[in-house]
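Visitor: Below you'll find the structure I mean.
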Amino acid sequence: MTFELPDGSAVDALKNISLDINKGELISILGPSGCGKTTLLNIIAGFLYPGSGEVKLNGQTVNGPGAERGMVFQQGALFEWMSVRKNIAFGPSMKGISSSESANRVNELLEIVGLHGFGDKNVYELSGGMQQRVALARCLANDPDVILMDEPLGALDALTREKMQGLILKIWKETGKTIILITHSVEEALLLGKRLLVMAPRPGHIHKEYKLPFADCVSSDNDDNLRAIKKRADFVDKREEILSMIWGMEEDIMGLKE
């Protein structure tokens, strides 16, 4: 992917990206700012067209946005004039699903994301963490094959973020959905990624891939279990290894290395 700039120059945002993702995988993507993480996610989503190459899902070339790919943004991008329930039901109603079937599905999703009793609340009455729960439920309501997440927890406080990490793992384990998650947090990438891709810039490419055990070890209904995993020696060692790797990239970007 190459971006043309107003001054006539160009920036190679991504180059030589080659990646196979299996059904039901949970993948986190990490890297320094400007390495092309969000660009890659937007190409998979169909919001951007690559300059060369292609993305295929279930054998079909991705030529634009589609219901089989759901997106969760850093900010919920919710309809603030609608209730929680109507936000979640929006996708099914656009697909012509009956109101009774849609209502049943909405009630199920409110339970899954921990918002039972909040269905008739207005979006603006909810905290940031609760709004992200609505965004997750709205995405799931369309029953996509792939859930794409662009820094979905980046704007949350530390405690809410940790609880939402547990929720994402719960959704992945209970639904079997394929999830691709962008994050700037090394700890979050380690916890949530069965596969972790570390990207490097100039141009953006996959620098290293890890296969990790931590997501399988989390009990989504036990916050103490989640924190215990983050204290494990192998988790801490991997975190320090990747932090050092990314700090090295940042120093290269800023010209601090000789």
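Note on naming: chains are A, B, ... as they come in the structure tokens, residues start from 1 per chain, ligands start from 1 in the order shown.
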For His205 in chain A, list every protein, DNA or RNA residue within 7 Å, evaluated using only C-alpha atoms, and leave out those in the same chain fewer than 2 positions away; present the list as a PDB file with N, CA, C and O atoms, in the first residue's frame.

Guide:
ATOM      1  N   LEU A  14       2.816  -0.196   3.405  1.00  0.00           N
ATOM      2  CA  LEU A  14       2.930  -1.643   3.581  1.00  0.00           C
ATOM      3  C   LEU A  14       3.639  -2.239   2.374  1.00  0.00           C
ATOM      4  O   LEU A  14       3.447  -1.788   1.242  1.00  0.00           O
ATOM      5  N   LYS A  15       4.422  -3.273   2.610  1.00  0.00           N
ATOM      6  CA  LYS A  15       5.105  -3.939   1.503  1.00  0.00           C
ATOM      7  C   LYS A  15       5.353  -5.399   1.877  1.00  0.00           C
ATOM      8  O   LYS A  15       5.759  -5.709   3.002  1.00  0.00           O
ATOM      9  N   ASN A  16       5.090  -6.275   0.913  1.00  0.00           N
ATOM     10  CA  ASN A  16       5.371  -7.713   1.078  1.00  0.00           C
ATOM     11  C   ASN A  16       4.689  -8.322   2.302  1.00  0.00           C
ATOM     12  O   ASN A  16       5.288  -9.113   3.033  1.00  0.00           O
ATOM     13  N   ILE A  17       3.435  -7.959   2.510  1.00  0.00           N
ATOM     14  CA  ILE A  17       2.654  -8.585   3.576  1.00  0.00           C
ATOM     15  C   ILE A  17       2.054  -9.879   3.033  1.00  0.00           C
ATOM     16  O   ILE A  17       1.310  -9.855   2.056  1.00  0.00           O
ATOM     17  N   MET A 199       4.851  -5.806  13.919  1.00  0.00           N
ATOM     18  CA  MET A 199       5.141  -5.127  12.659  1.00  0.00           C
ATOM     19  C   MET A 199       6.251  -4.096  12.849  1.00  0.00           C
ATOM     20  O   MET A 199       6.434  -3.550  13.931  1.00  0.00           O
ATOM     21  N   ALA A 200       6.979  -3.863  11.778  1.00  0.00           N
ATOM     22  CA  ALA A 200       8.039  -2.857  11.764  1.00  0.00           C
ATOM     23  C   ALA A 200       7.772  -1.902  10.601  1.00  0.00           C
ATOM     24  O   ALA A 200       7.130  -2.268   9.615  1.00  0.00           O
ATOM     25  N   PRO A 201       8.261  -0.662  10.697  1.00  0.00           N
ATOM     26  CA  PRO A 201       7.959   0.340   9.667  1.00  0.00           C
ATOM     27  C   PRO A 201       9.006   0.451   8.564  1.00  0.00           C
ATOM     28  O   PRO A 201      10.030  -0.235   8.582  1.00  0.00           O
ATOM     29  N   PRO A 203       9.197   0.195   4.776  1.00  0.00           N
ATOM     30  CA  PRO A 203       7.726   0.248   4.851  1.00  0.00           C
ATOM     31  C   PRO A 203       7.211  -0.788   5.845  1.00  0.00           C
ATOM     32  O   PRO A 203       7.953  -1.651   6.309  1.00  0.00           O
ATOM     33  N   HIS A 207       7.503  -8.196  11.102  1.00  0.00           N
ATOM     34  CA  HIS A 207       8.880  -8.371  11.545  1.00  0.00           C
ATOM     35  C   HIS A 207       9.085  -9.719  12.225  1.00  0.00           C
ATOM     36  O   HIS A 207      10.093 -10.394  12.014  1.00  0.00           O
TER      37      HIS A 207
END

Visitor: Which residues in range 111-231 of chain A does DSSP call strand (DSSP E or B)? List them as a list in words.

Guide: Asn122, Val146, Ile147, Leu148, Met149, Asp150, Thr178, Ile179, Ile180, Leu181, Ile182, Arg195, Leu196, Leu197, Val198, Met199, Ala200, Gly204, His205, Ile206, His207, Lys208, Glu209, Tyr210 and Lys211 of chain A

Visitor: Going by DSSP on the backbone, which bits of range 210-242 of chain A are alpha helix (DSSP H)? Write them as a list in words, please.

Guide: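 Taking range 210-242 of chain A and keeping alpha helix (DSSP H) gives Phe214, Ala215, Asp216, Cys217, Asp223, Asp224, Asn225, Leu226, Arg227, Ala228, Ile229, Lys230, Lys231, Ala233, Asp234, Phe235, Val236, Asp237, Lys238, Arg239, Glu240, Glu241 and Ile242 of chain A.
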
Visitor: Between A:Ala13, A:Leu26, A:Val106, A:Leu115, which one has atoms that come closest to Leu191 in chain A, using only C-alpha atoms?

Guide: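 Comparing A:Ala13, A:Leu26, A:Val106, A:Leu115 against Leu191 in chain A, the winner is A:Leu26.
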
Visitor: Considering only C-alpha atoms, return as a PDB file with N, CA, C and O atoms, in the first residue's frame whatever protein or nucleic-acid residues lie within 9 Å of Gly51 in chain A, sequence-local ones (same chain, fewer than 6 positions apart) excluded.

Guide:
ATOM      1  N   MET A   1       0.850  -1.176   0.000  1.00  0.00           N
ATOM      2  CA  MET A   1       0.000   0.000   0.000  1.00  0.00           C
ATOM      3  C   MET A   1       0.890   1.232   0.000  1.00  0.00           C
ATOM      4  O   MET A   1       1.716   1.401   0.896  1.00  0.00           O
ATOM      5  N   THR A   2       0.716   2.086  -1.018  1.00  0.00           N
ATOM      6  CA  THR A   2       1.484   3.322  -1.130  1.00  0.00           C
ATOM      7  C   THR A   2       0.529   4.503  -1.099  1.00  0.00           C
ATOM      8  O   THR A   2      -0.482   4.519  -1.808  1.00  0.00           O
ATOM      9  N   PHE A   3       0.833   5.496  -0.270  1.00  0.00           N
ATOM     10  CA  PHE A   3       0.024   6.704  -0.186  1.00  0.00           C
ATOM     11  C   PHE A   3       0.726   7.840  -0.918  1.00  0.00           C
ATOM     12  O   PHE A   3       1.904   8.123  -0.660  1.00  0.00           O
TER      13      PHE A   3
END

Visitor: Would you tabulate, counting only C-alpha atoms, all residues of range 176-220 of chain A that have an atom at most 12 Å from an atom of range 125-143 of chain A, showing the closest pair of atoms and their distance in Å to one decimal, sorted by chain then ascending number, as a Markdown table?

Guide:
| residue | atom | partner | partner_atom | distance |
| --- | --- | --- | --- | --- |
| A:Gly176 | CA | A:Asp143 | CA | 11.2 |
| A:Lys177 | CA | A:Asp143 | CA | 8.9 |
| A:Thr178 | CA | A:Asp143 | CA | 11.2 |
| A:Ile179 | CA | A:Leu140 | CA | 11.4 |

Visitor: Just N, CA and C atoms for this one: save the residues we selected as a CSV table (one decimal), in the first residue's frame.

Guide:
chain,number,residue,atom,x,y,z
A,176,GLY,N,-16.3,-18.7,19.0
A,176,GLY,CA,-15.4,-19.3,18.0
A,176,GLY,C,-15.1,-18.4,16.8
A,177,LYS,N,-15.4,-17.1,17.0
A,177,LYS,CA,-15.1,-16.1,15.9
A,177,LYS,C,-13.6,-15.9,15.6
A,178,THR,N,-13.3,-15.6,14.4
A,178,THR,CA,-12.0,-15.2,14.1
A,178,THR,C,-11.9,-13.7,14.5
A,179,ILE,N,-10.8,-13.4,15.3
A,179,ILE,CA,-10.7,-12.0,15.8
A,179,ILE,C,-9.3,-11.5,15.4

Visitor: Which neighbours of Gly66 in chain A fall inside 10 Å, counting only C-alpha atoms, when residues of the same chain fewer than 3 positions from it are skipped, and could you give them as a list of chain:residue names?

Guide: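 Using only C-alpha atoms, the neighbours found are A:Ala45, A:Gly46, A:Phe47, A:Val62, A:Asn63, A:Arg69, A:Gly70, A:Pro144.
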
Visitor: Atoms to include: N, CA, C and O atoms. Write the selected residues as an mmCIF file, in the first residue's frame.

Guide:
data_model
loop_
_atom_site.group_PDB
_atom_site.id
_atom_site.type_symbol
_atom_site.label_atom_id
_atom_site.label_comp_id
_atom_site.auth_asym_id
_atom_site.auth_seq_id
_atom_site.Cartn_x
_atom_site.Cartn_y
_atom_site.Cartn_z
ATOM 1 N N ALA A 45 -10.668 -4.934 6.170
ATOM 2 C CA ALA A 45 -12.070 -4.526 6.320
ATOM 3 C C ALA A 45 -12.702 -4.127 4.995
ATOM 4 O O ALA A 45 -13.927 -4.130 4.868
ATOM 5 N N GLY A 46 -11.881 -3.793 4.011
ATOM 6 C CA GLY A 46 -12.411 -3.342 2.728
ATOM 7 C C GLY A 46 -12.587 -1.837 2.643
ATOM 8 O O GLY A 46 -13.148 -1.325 1.679
ATOM 9 N N PHE A 47 -12.087 -1.095 3.649
ATOM 10 C CA PHE A 47 -12.179 0.365 3.625
ATOM 11 C C PHE A 47 -11.134 0.974 2.698
ATOM 12 O O PHE A 47 -11.308 2.091 2.205
ATOM 13 N N VAL A 62 -11.853 -9.689 -1.357
ATOM 14 C CA VAL A 62 -12.471 -8.563 -0.652
ATOM 15 C C VAL A 62 -12.361 -7.325 -1.523
ATOM 16 O O VAL A 62 -11.263 -6.878 -1.849
ATOM 17 N N ASN A 63 -13.509 -6.772 -1.908
ATOM 18 C CA ASN A 63 -13.543 -5.577 -2.759
ATOM 19 C C ASN A 63 -14.200 -4.384 -2.079
ATOM 20 O O ASN A 63 -14.429 -3.348 -2.711
ATOM 21 N N ARG A 69 -17.518 -9.222 7.752
ATOM 22 C CA ARG A 69 -16.417 -8.627 8.520
ATOM 23 C C ARG A 69 -16.989 -7.513 9.387
ATOM 24 O O ARG A 69 -17.491 -6.519 8.869
ATOM 25 N N GLY A 70 -16.924 -7.694 10.705
ATOM 26 C CA GLY A 70 -17.414 -6.681 11.635
ATOM 27 C C GLY A 70 -16.261 -5.885 12.200
ATOM 28 O O GLY A 70 -15.181 -6.421 12.431
ATOM 29 N N PRO A 144 -20.768 -11.823 12.107
ATOM 30 C CA PRO A 144 -19.697 -11.818 11.102
ATOM 31 C C PRO A 144 -18.793 -13.035 11.243
ATOM 32 O O PRO A 144 -18.696 -13.629 12.322
#

Visitor: Given the choices A:Ile147, A:Glu250, A:Lys230, A:Ser98, which gets closest to Glu162 in chain A if the distance is worked out from only C-alpha atoms?

Guide: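 Selected residue with least distance to Glu162 in chain A: A:Lys230.
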